[in-house]
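Enquirer: File final-v2.txt below, compact mmCIF, C-alpha atoms:
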```
# COMPACT_ATOMS: atom_id res chain seq x y z
CA MET A 1 108.09 137.15 101.55
CA SER A 2 109.61 139.47 98.98
CA LYS A 3 108.86 143.19 98.96
CA PRO A 4 106.06 143.89 96.50
CA SER A 5 106.43 146.41 93.69
CA PHE A 6 104.00 147.50 91.00
CA VAL A 7 105.04 148.31 87.43
CA TYR A 8 102.69 149.55 84.69
CA VAL A 9 103.67 150.49 81.15
CA THR A 10 101.44 152.44 78.79
CA TYR A 11 102.03 154.08 75.42
CA ILE A 12 100.36 157.42 74.78
CA ARG A 13 100.15 159.51 71.62
CA THR A 14 101.44 162.79 73.05
CA SER A 15 104.72 164.62 73.71
CA PRO A 16 106.93 164.15 76.79
CA GLU A 17 106.23 167.81 77.71
CA LYS A 18 102.45 167.37 77.63
CA LEU A 19 102.64 164.17 79.63
CA TRP A 20 104.91 165.84 82.18
CA GLN A 21 102.39 168.66 82.55
CA ALA A 22 99.54 166.18 82.98
CA LEU A 23 101.44 164.47 85.81
CA THR A 24 102.44 167.65 87.66
CA ASP A 25 99.59 170.17 87.14
CA GLY A 26 96.78 169.89 89.69
CA ALA A 27 94.11 171.23 87.31
CA LEU A 28 94.93 168.33 84.99
CA THR A 29 95.32 165.59 87.62
CA HIS A 30 91.91 166.65 88.95
CA GLN A 31 90.42 165.49 85.64
CA TYR A 32 91.80 161.95 85.53
CA TRP A 33 93.27 161.09 88.96
CA ALA A 34 90.06 160.15 90.81
CA GLY A 35 89.42 163.84 91.54
CA ARG A 36 92.85 164.48 93.13
CA ARG A 37 94.70 167.79 92.63
CA VAL A 38 98.45 167.43 92.99
CA GLU A 39 100.38 170.38 94.40
CA SER A 40 104.16 170.85 94.53
CA ASP A 41 106.82 173.24 93.28
CA TRP A 42 108.61 170.14 91.89
CA THR A 43 112.06 170.81 93.31
CA VAL A 44 113.94 167.99 95.00
CA GLY A 45 112.99 167.85 98.67
CA ALA A 46 109.79 169.90 98.21
CA PRO A 47 106.51 168.54 99.59
CA VAL A 48 103.98 166.87 97.26
CA THR A 49 100.35 167.11 98.34
CA PHE A 50 97.30 165.42 96.83
CA TRP A 51 94.03 167.25 97.58
CA PHE A 52 90.64 165.59 97.40
CA GLU A 53 87.48 167.55 98.19
CA GLY A 54 89.39 170.00 100.40
CA LYS A 55 91.31 167.37 102.35
CA VAL A 56 94.79 165.97 101.96
CA SER A 57 94.44 162.47 100.53
CA ASP A 58 98.14 161.62 100.11
CA SER A 59 101.45 163.35 100.72
CA GLY A 60 105.15 162.95 99.98
CA LYS A 61 108.41 164.63 99.01
CA VAL A 62 110.06 165.08 95.62
CA LEU A 63 112.97 162.63 95.36
CA GLU A 64 114.00 163.18 91.72
CA CYS A 65 112.83 165.70 89.15
CA ASP A 66 114.23 165.71 85.62
CA PRO A 67 111.57 167.21 83.33
CA PRO A 68 110.25 165.87 81.02
CA ARG A 69 111.89 162.50 81.57
CA ARG A 70 111.89 161.32 85.15
CA LEU A 71 109.94 162.16 88.31
CA SER A 72 110.01 160.37 91.64
CA TYR A 73 108.36 161.15 94.96
CA SER A 74 107.63 159.45 98.23
CA PHE A 75 103.97 158.59 98.77
CA HIS A 76 102.14 158.37 102.06
CA VAL A 77 98.39 157.74 102.28
CA GLU A 78 96.75 160.27 104.65
CA PHE A 79 93.09 159.99 103.75
CA VAL A 80 92.30 156.36 104.40
CA GLU A 81 92.48 155.59 108.12
CA ALA A 82 93.41 151.93 107.70
CA LEU A 83 96.36 152.78 105.43
CA ARG A 84 97.78 155.78 107.30
CA SER A 85 99.95 153.72 109.61
CA GLU A 86 102.02 152.30 106.74
CA PRO A 87 105.39 153.97 106.03
CA PRO A 88 105.79 155.98 102.80
CA SER A 89 106.34 154.13 99.54
CA ARG A 90 107.84 155.56 96.34
CA VAL A 91 106.34 156.46 92.95
CA THR A 92 108.58 156.86 89.88
CA PHE A 93 107.52 158.01 86.41
CA GLU A 94 109.82 157.41 83.44
CA ILE A 95 108.95 159.06 80.14
CA GLU A 96 110.55 157.95 76.86
CA LYS A 97 109.79 159.53 73.50
CA LEU A 98 109.08 157.08 70.65
CA ASP A 99 108.32 159.06 67.47
CA ALA A 100 104.83 160.52 67.95
CA GLN A 101 104.23 158.53 71.13
CA VAL A 102 105.66 158.30 74.61
CA LYS A 103 106.30 155.22 76.67
CA LEU A 104 105.31 155.88 80.27
CA THR A 105 106.58 153.47 82.92
CA VAL A 106 105.12 153.88 86.40
CA THR A 107 106.92 152.03 89.19
CA HIS A 108 105.45 152.08 92.67
CA ASP A 109 107.72 150.33 95.17
CA GLY A 110 109.18 150.53 98.64
CA PHE A 111 106.35 148.56 100.28
CA GLU A 112 106.67 146.29 103.26
CA PRO A 113 105.57 142.66 102.72
CA GLY A 114 101.78 142.37 103.15
CA SER A 115 101.20 146.09 102.50
CA GLN A 116 97.53 147.06 102.11
CA VAL A 117 98.55 150.22 100.27
CA PHE A 118 100.15 147.97 97.65
CA THR A 119 96.83 146.17 97.13
CA ALA A 120 94.98 149.49 96.83
CA ILE A 121 97.41 151.08 94.35
CA SER A 122 97.57 147.91 92.21
CA GLY A 123 93.88 148.37 91.45
CA GLY A 124 94.11 152.16 91.26
CA TRP A 125 96.95 152.78 88.81
CA PRO A 126 95.30 151.09 85.79
CA VAL A 127 92.20 153.28 86.38
CA ILE A 128 94.23 156.50 86.66
CA LEU A 129 96.62 155.74 83.78
CA SER A 130 93.83 154.60 81.42
CA SER A 131 92.02 157.87 82.06
CA LEU A 132 95.26 159.86 81.62
CA LYS A 133 95.79 158.23 78.21
CA SER A 134 92.20 159.00 77.20
CA LEU A 135 92.57 162.64 78.33
CA LEU A 136 95.77 163.19 76.36
CA GLU A 137 94.58 161.40 73.20
CA THR A 138 90.91 162.42 73.05
CA GLY A 139 90.79 165.55 75.22
CA ARG A 140 88.44 163.81 77.64
CA PRO A 141 89.17 161.68 80.69
CA ILE A 142 87.20 158.49 81.28
CA GLU A 143 83.91 159.12 83.03
CA PHE A 144 83.52 156.11 85.26
CA PRO A 145 79.97 155.31 86.34
CA THR A 146 79.27 156.70 89.82
CA SER A 147 78.40 153.30 91.18
CA ALA A 148 81.84 151.96 90.24
CA CYS A 149 83.55 154.98 91.85
CA ASP A 150 81.52 154.57 95.02
CA ALA A 151 82.34 150.88 95.11
CA ARG A 152 86.05 151.56 94.71
CA ARG A 153 86.00 154.25 97.38
CA ALA A 154 84.09 152.04 99.78
CA GLN A 155 86.59 149.27 99.13
CA ALA A 156 89.54 151.62 99.70
CA GLU A 157 88.10 152.89 102.98
CA ALA A 158 87.00 149.50 104.27
CA MET B 159 91.25 126.18 82.32
CA ALA B 160 94.54 125.58 84.07
CA ALA B 161 94.67 124.47 87.68
CA PRO B 162 93.60 127.36 89.92
CA ASP B 163 96.90 127.39 91.81
CA VAL B 164 98.84 128.45 88.71
CA LYS B 165 100.07 132.00 89.23
CA PRO B 166 99.66 134.25 86.20
CA SER B 167 102.96 135.18 84.56
CA PHE B 168 101.42 138.40 83.27
CA VAL B 169 98.31 140.44 84.03
CA TYR B 170 97.41 143.75 82.38
CA VAL B 171 94.32 145.83 83.10
CA THR B 172 93.15 148.68 80.90
CA TYR B 173 89.93 150.70 80.79
CA ILE B 174 88.55 151.55 77.35
CA VAL B 175 85.71 153.89 76.43
CA ALA B 176 83.87 151.51 74.09
CA PRO B 177 81.03 148.99 74.20
CA ALA B 178 82.01 145.42 75.09
CA GLU B 179 80.92 144.21 71.63
CA LYS B 180 83.40 146.56 69.97
CA VAL B 181 86.24 145.46 72.23
CA TRP B 182 85.37 141.84 71.46
CA ARG B 183 85.45 142.53 67.73
CA ALA B 184 88.75 144.37 68.00
CA LEU B 185 90.28 141.32 69.72
CA THR B 186 88.87 138.64 67.42
CA ASP B 187 88.59 140.23 63.95
CA GLY B 188 91.74 140.19 61.82
CA ASP B 189 90.89 143.50 60.13
CA PHE B 190 91.10 145.12 63.57
CA THR B 191 94.08 143.20 64.95
CA ARG B 192 96.14 144.05 61.86
CA GLN B 193 95.96 147.69 62.92
CA TYR B 194 97.34 147.36 66.43
CA PHE B 195 98.86 143.85 66.83
CA PHE B 196 102.19 144.43 65.02
CA GLY B 197 100.37 143.96 61.72
CA ARG B 198 99.20 140.45 62.69
CA CYS B 199 95.86 139.16 61.45
CA MET B 200 93.86 137.10 63.97
CA GLN B 201 92.07 134.17 62.33
CA SER B 202 89.56 131.75 63.85
CA ASP B 203 85.88 130.87 63.68
CA TRP B 204 85.80 131.30 67.48
CA LYS B 205 84.09 128.03 68.32
CA VAL B 206 85.27 126.11 71.38
CA GLY B 207 87.89 123.60 70.24
CA ALA B 208 88.62 125.48 66.99
CA ASP B 209 92.10 126.56 65.98
CA TRP B 210 93.17 130.19 65.99
CA ALA B 211 96.24 131.78 64.44
CA LEU B 212 97.92 135.17 64.38
CA VAL B 213 99.19 135.50 60.83
CA MET B 214 101.95 137.85 59.77
CA GLU B 215 101.75 140.02 56.67
CA ASP B 216 103.91 137.60 54.69
CA GLY B 217 101.59 134.70 55.57
CA ARG B 218 103.78 133.06 58.23
CA VAL B 219 102.09 132.05 61.48
CA ASP B 220 103.36 134.00 64.49
CA CYS B 221 101.32 132.39 67.27
CA ALA B 222 98.57 129.78 67.28
CA GLY B 223 96.47 127.61 69.55
CA LYS B 224 92.96 126.43 70.34
CA VAL B 225 89.85 128.21 71.54
CA LEU B 226 89.21 126.95 75.09
CA GLU B 227 86.33 129.15 76.24
CA CYS B 228 84.36 131.63 74.19
CA GLU B 229 81.53 133.74 75.59
CA PRO B 230 81.15 136.84 73.41
CA PRO B 231 81.39 139.67 74.28
CA ARG B 232 82.62 138.98 77.82
CA TRP B 233 85.18 136.19 78.05
CA LEU B 234 87.70 134.46 75.81
CA ALA B 235 90.34 131.90 76.84
CA ILE B 236 92.77 130.42 74.33
CA SER B 237 95.79 128.16 74.46
CA TRP B 238 98.84 129.94 73.06
CA ARG B 239 102.04 128.71 71.49
CA VAL B 240 104.64 130.75 69.65
CA GLU B 241 105.30 129.22 66.21
CA TRP B 242 107.46 131.85 64.68
CA LEU B 243 110.62 131.52 66.77
CA GLU B 244 112.43 128.20 66.81
CA GLU B 245 113.44 128.21 70.49
CA PHE B 246 109.87 129.01 71.61
CA ARG B 247 108.32 126.11 69.69
CA LYS B 248 109.23 123.46 72.24
CA LEU B 249 107.82 125.38 75.22
CA PRO B 250 104.61 124.24 76.92
CA GLU B 251 101.52 126.11 75.75
CA ALA B 252 100.40 129.15 77.71
CA ILE B 253 96.78 130.05 78.37
CA VAL B 254 95.75 133.61 77.61
CA SER B 255 92.39 134.97 78.72
CA PHE B 256 90.55 138.19 77.91
CA ASP B 257 88.00 139.35 80.46
CA ILE B 258 85.77 142.17 79.20
CA GLU B 259 83.74 143.73 81.98
CA PRO B 260 81.32 146.54 81.04
CA MET B 261 80.99 149.46 83.50
CA GLY B 262 78.54 151.89 81.94
CA ALA B 263 80.15 153.34 78.80
CA VAL B 264 83.54 151.92 79.82
CA VAL B 265 84.91 148.39 79.81
CA ARG B 266 87.60 146.96 82.01
CA LEU B 267 89.75 144.65 79.89
CA THR B 268 91.95 142.23 81.83
CA VAL B 269 94.46 140.17 79.88
CA THR B 270 95.95 137.29 81.86
CA GLN B 271 98.68 134.92 80.77
CA LEU B 272 99.16 131.60 82.56
CA THR B 273 102.42 129.87 81.83
CA GLY B 274 103.97 126.68 83.10
CA PRO B 275 107.35 126.77 84.86
CA ILE B 276 109.60 128.12 82.09
CA ASP B 277 112.72 130.24 81.98
CA GLU B 278 112.02 133.92 82.72
CA LYS B 279 113.68 134.95 79.47
CA PHE B 280 110.77 133.51 77.50
CA LEU B 281 108.33 135.76 79.34
CA GLU B 282 110.10 139.02 78.48
CA GLY B 283 108.60 139.31 74.97
CA GLY B 284 105.04 139.10 76.29
CA ARG B 285 105.70 141.49 79.14
CA GLN B 286 107.02 144.07 76.70
CA GLY B 287 104.59 143.29 73.90
CA TRP B 288 101.22 143.27 75.66
CA PRO B 289 101.39 146.88 76.96
CA MET B 290 102.20 148.07 73.40
CA ILE B 291 99.44 145.98 71.86
CA LEU B 292 96.80 146.94 74.41
CA SER B 293 97.78 150.63 74.37
CA GLY B 294 97.32 150.52 70.60
CA LEU B 295 93.97 148.76 70.94
CA LYS B 296 92.72 151.44 73.33
CA SER B 297 93.90 154.24 71.03
CA LEU B 298 92.27 152.58 68.02
CA LEU B 299 88.91 152.20 69.75
CA GLU B 300 88.88 155.66 71.35
CA THR B 301 90.41 157.77 68.58
CA GLY B 302 89.96 155.66 65.43
CA LYS B 303 93.76 155.59 64.98
CA PRO B 304 96.21 152.97 66.25
CA LEU B 305 99.61 153.94 67.64
CA ASN B 306 102.70 153.63 65.47
CA ILE B 307 105.39 152.51 67.87
CA PRO B 308 108.84 151.74 66.49
CA THR B 309 109.90 148.21 67.47
CA PRO B 310 113.27 147.76 69.21
CA SER B 311 114.87 146.64 65.93
CA GLY B 312 113.88 149.98 64.41
CA GLU B 313 111.21 148.43 62.22
CA VAL B 314 107.89 150.23 62.36
CA PRO B 315 105.05 147.70 62.06
CA LYS B 316 102.74 148.75 59.25
CA ALA B 317 99.47 150.14 60.49
CA LYS B 318 96.52 149.87 58.17
CA GLY B 319 93.48 152.09 58.20
```
Starting from the file, give its structure as structure tokens.
Expert:
Amino acid sequence: MSKPSFVYVTYIRTSPEKLWQALTDGALTHQYWAGRRVESDWTVGAPVTFWFEGKVSDSGKVLECDPPRRLSYSFHVEFVEALRSEPPSRVTFEIEKLDAQVKLTVTHDGFEPGSQVFTAISGGWPVILSSLKSLLETGRPIEFPTSACDARRAQAEA
Amino acid sequence: MAAPDVKPSFVYVTYIVAPAEKVWRALTDGDFTRQYFFGRCMQSDWKVGADWALVMEDGRVDCAGKVLECEPPRWLAISWRVEWLEEFRKLPEAIVSFDIEPMGAVVRLTVTQLTGPIDEKFLEGGRQGWPMILSGLKSLLETGKPLNIPTPSGEVPKAKG
């Protein structure tokens, strides 16, 4: 079995600086990242913490930080019991300016074959990145119906 | 549809704040597709068995195929062949499906491409093109304005509207 990796590309009408801020500022991630606030001082080696309703949902360390072009950190799920035993994976954001748009490439890799975290993030990234694009282009994140959020959460915790 | 054991060569999921009917229209109406699909105009009467074509601004056909399944505004499956480029013309047809799933005021759009066993190099165009096209579709429906992404050759596809 090969090691799974997830790649998602989206184009957003915004500047690299605004996109960088949206990815690294907890007040902004809270709006589009399923309620998560990210916290880090964004220096290489520094911890990265995702907070959800007062608890740590995910954690990692900054691996690369080259604003506003490239950001990479390790990613370990803390919140979901069934996923906590998996080793950390790696998230990388690449930002490329194309006139009035940016191309954002998100690569999430470093999974073991059969990883359950991989299955969870493969469903999660399109939700997060669609809402991020809406927030930056319209000023409003996507408001998903509560039932869908509950269903996703239940699925993630099952 | 293709045999169920065929693995998709490409899957892209995006969430769009729009009613399913509007997403359906944006995918099937040439006046919409022209704005976000590299200037291409989608043409078909959208009956099962009918032909469809993506027509370029100069009238040449880019891609074409048949309507396989059509259930507005939720599900569309079409056979797909590339007409425009000589070396693509001999390839087996792909099947492309559009799954539009309403979730309150949001829809989940899943675009899936099923392709026979062909050289990876033929899949690169779709893998690069679909995220641009579907990002533009989302922008158009949510903001009223498509994106204006320069193509790798430096040519900016004309956006109308």
Enquirer: So what do you get for atom CA of Leu23 of chain A versus atom CA of Leu135 of chain A, distance-wise?
Expert: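 We find that atom CA of Leu23 of chain A and atom CA of Leu135 of chain A lie 11.7 Å from each other.
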Enquirer: Pick the closest to Arg140 of chain A from A:Gln31, A:Thr92, A:Ser74, A:Ser40: which is it, counting all atoms listed in the file?
Expert: A:Gln31
Enquirer: Kindly indicate which residue among A:Phe93, A:Tyr11, A:Trp20, A:Phe6 lies nearest to chain B, using only C-alpha atoms for the distances.
Expert: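 Among the listed residues, A:Tyr11 lies closest to chain B.
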Enquirer: Please, which residues of chain A lie no more than 7 Å from chain B when the count uses all atoms listed in the file, and can they be set out as a PyMOL selection string?
Expert: chain A and resi 9-11+13+98+101+126-127+130+138+142+144-145
Enquirer: For Arg69 of chain A, work out the shell of residues within 9 Å, counting all atoms listed in the file and skipping chain neighbours fewer than 2 positions away, then give it as number ranges by chain.
Expert: A: 16-17, 20, 65-67, 71, 93-97
Enquirer: Taking (100.8, 150.8, 92.0) in the file's own coordinates, collect the residues within 9 Å, counting all atoms listed in the file, and hand them back as a PyMOL selection string.
Expert: chain A and resi 5-8+91+106-109+117-126
Enquirer: Here is a test: counting all atoms listed in the file, which residue of A:Gln116, A:Arg36, A:Val44, A:Gly54 is nearest to Glu81 of chain A?
Expert: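 Between A:Gln116, A:Arg36, A:Val44, A:Gly54, the residue approaching Glu81 of chain A most closely is A:Gln116.
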Enquirer: Find the residues near Val206 of chain B: any atom within 10 Å, counting all atoms listed in the file, skip ones fewer than 5 places away on the same chain, and give them as a list in words.
Expert: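 Here the answer would be Lys224, Val225, Leu226, Glu227, Cys228, Glu229, Leu234, Ala235 and Ile236 of chain B.
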Enquirer: Pick from A:His76, A:Ser57, A:Leu19, A:Pro47: nearest to Ala34 of chain A, with all atoms listed in the file counted?
Expert: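 Selected residue with least distance to Ala34 of chain A: A:Ser57.
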Enquirer: Between A:Glu86, A:Gly114, A:Leu129, A:Lys103, which has the minimum distance to Lys3 of chain A (counting all atoms listed in the file)?
Expert: A:Gly114
Enquirer: Please determine, counting all atoms listed in the file, which residue among B:Pro166, B:Pro250, B:Gly207, B:Gly223 has the shortest atom-to-atom distance to Trp238 of chain B.
Expert: B:Gly223
Enquirer: State, in Å with one decimal place, the distance from atom CA of Val80 of chain A to atom CA of Thr268 of chain B.
Expert: 26.6 Å
Enquirer: What are the centre and edge lengths in Å, to one decimal, of the axis-aligned box around all listed atoms of segment 133-144 of chain A with 3 Å added on each side, as AutoDock Vina command-line options?
Expert:
```
--center_x 89.7 --center_y 160.8 --center_z 79.2 --size_x 18.3 --size_y 15.4 --size_z 18.2
```
Enquirer: Once you count only C-alpha atoms, which residues end up no further than 8 Å from (96.7, 140.3, 61.4) in the file's frame, shown as an mmCIF file with C-alpha atoms, in the frame of the given file?
Expert:
```
data_model
loop_
_atom_site.group_PDB
_atom_site.id
_atom_site.type_symbol
_atom_site.label_atom_id
_atom_site.label_comp_id
_atom_site.auth_asym_id
_atom_site.auth_seq_id
_atom_site.Cartn_x
_atom_site.Cartn_y
_atom_site.Cartn_z
ATOM 1 C CA GLY B 188 91.740 140.190 61.820
ATOM 2 C CA ASP B 189 90.890 143.500 60.130
ATOM 3 C CA PHE B 190 91.100 145.120 63.570
ATOM 4 C CA THR B 191 94.080 143.200 64.950
ATOM 5 C CA ARG B 192 96.140 144.050 61.860
ATOM 6 C CA GLN B 193 95.960 147.690 62.920
ATOM 7 C CA PHE B 195 98.860 143.850 66.830
ATOM 8 C CA PHE B 196 102.190 144.430 65.020
ATOM 9 C CA GLY B 197 100.370 143.960 61.720
ATOM 10 C CA ARG B 198 99.200 140.450 62.690
ATOM 11 C CA CYS B 199 95.860 139.160 61.450
ATOM 12 C CA MET B 200 93.860 137.100 63.970
ATOM 13 C CA GLN B 201 92.070 134.170 62.330
ATOM 14 C CA LEU B 212 97.920 135.170 64.380
ATOM 15 C CA VAL B 213 99.190 135.500 60.830
ATOM 16 C CA MET B 214 101.950 137.850 59.770
ATOM 17 C CA GLU B 215 101.750 140.020 56.670
#
```
Enquirer: Kindly give the distance, in Å, that separates atom CA of Pro4 of chain A and atom CA of Ser89 of chain A, rounded to a single decimal.
Expert: 10.7 Å
Enquirer: So which residues touch Glu245 of chain B within 12 Å, counting all atoms listed in the file, skipping near sequence neighbours fewer than 6 positions away, as a ChimeraX atom specification?
Expert: /B:239,277,279-280
Enquirer: So that I can check the surroundings of Val269 of chain B, please list as a ChimeraX atom specification every protein, DNA and RNA residue that reaches within 6 Å of it, counting only C-alpha atoms and ignoring chain neighbours fewer than 4 positions away.
Expert: /B:169-170,255-256
Enquirer: Keeping C-alpha atoms for every residue in the selection just given, could you write it to a file as an mmCIF file, in the frame of the given file?
Expert:
```cif
data_model
loop_
_atom_site.group_PDB
_atom_site.id
_atom_site.type_symbol
_atom_site.label_atom_id
_atom_site.label_comp_id
_atom_site.auth_asym_id
_atom_site.auth_seq_id
_atom_site.Cartn_x
_atom_site.Cartn_y
_atom_site.Cartn_z
ATOM 1 C CA VAL B 169 98.310 140.440 84.030
ATOM 2 C CA TYR B 170 97.410 143.750 82.380
ATOM 3 C CA SER B 255 92.390 134.970 78.720
ATOM 4 C CA PHE B 256 90.550 138.190 77.910
#
```
Enquirer: Env of Leu272 of chain B: 7 Å cut, atoms = only C-alpha atoms, seq-sep filter 5 positions within chain, self excluded. Answer as a list in words.
Expert: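 Contacts, in chain order: Val164, Lys165, Pro166, Ser167, Ala252, Ile253 and Val254 of chain B.
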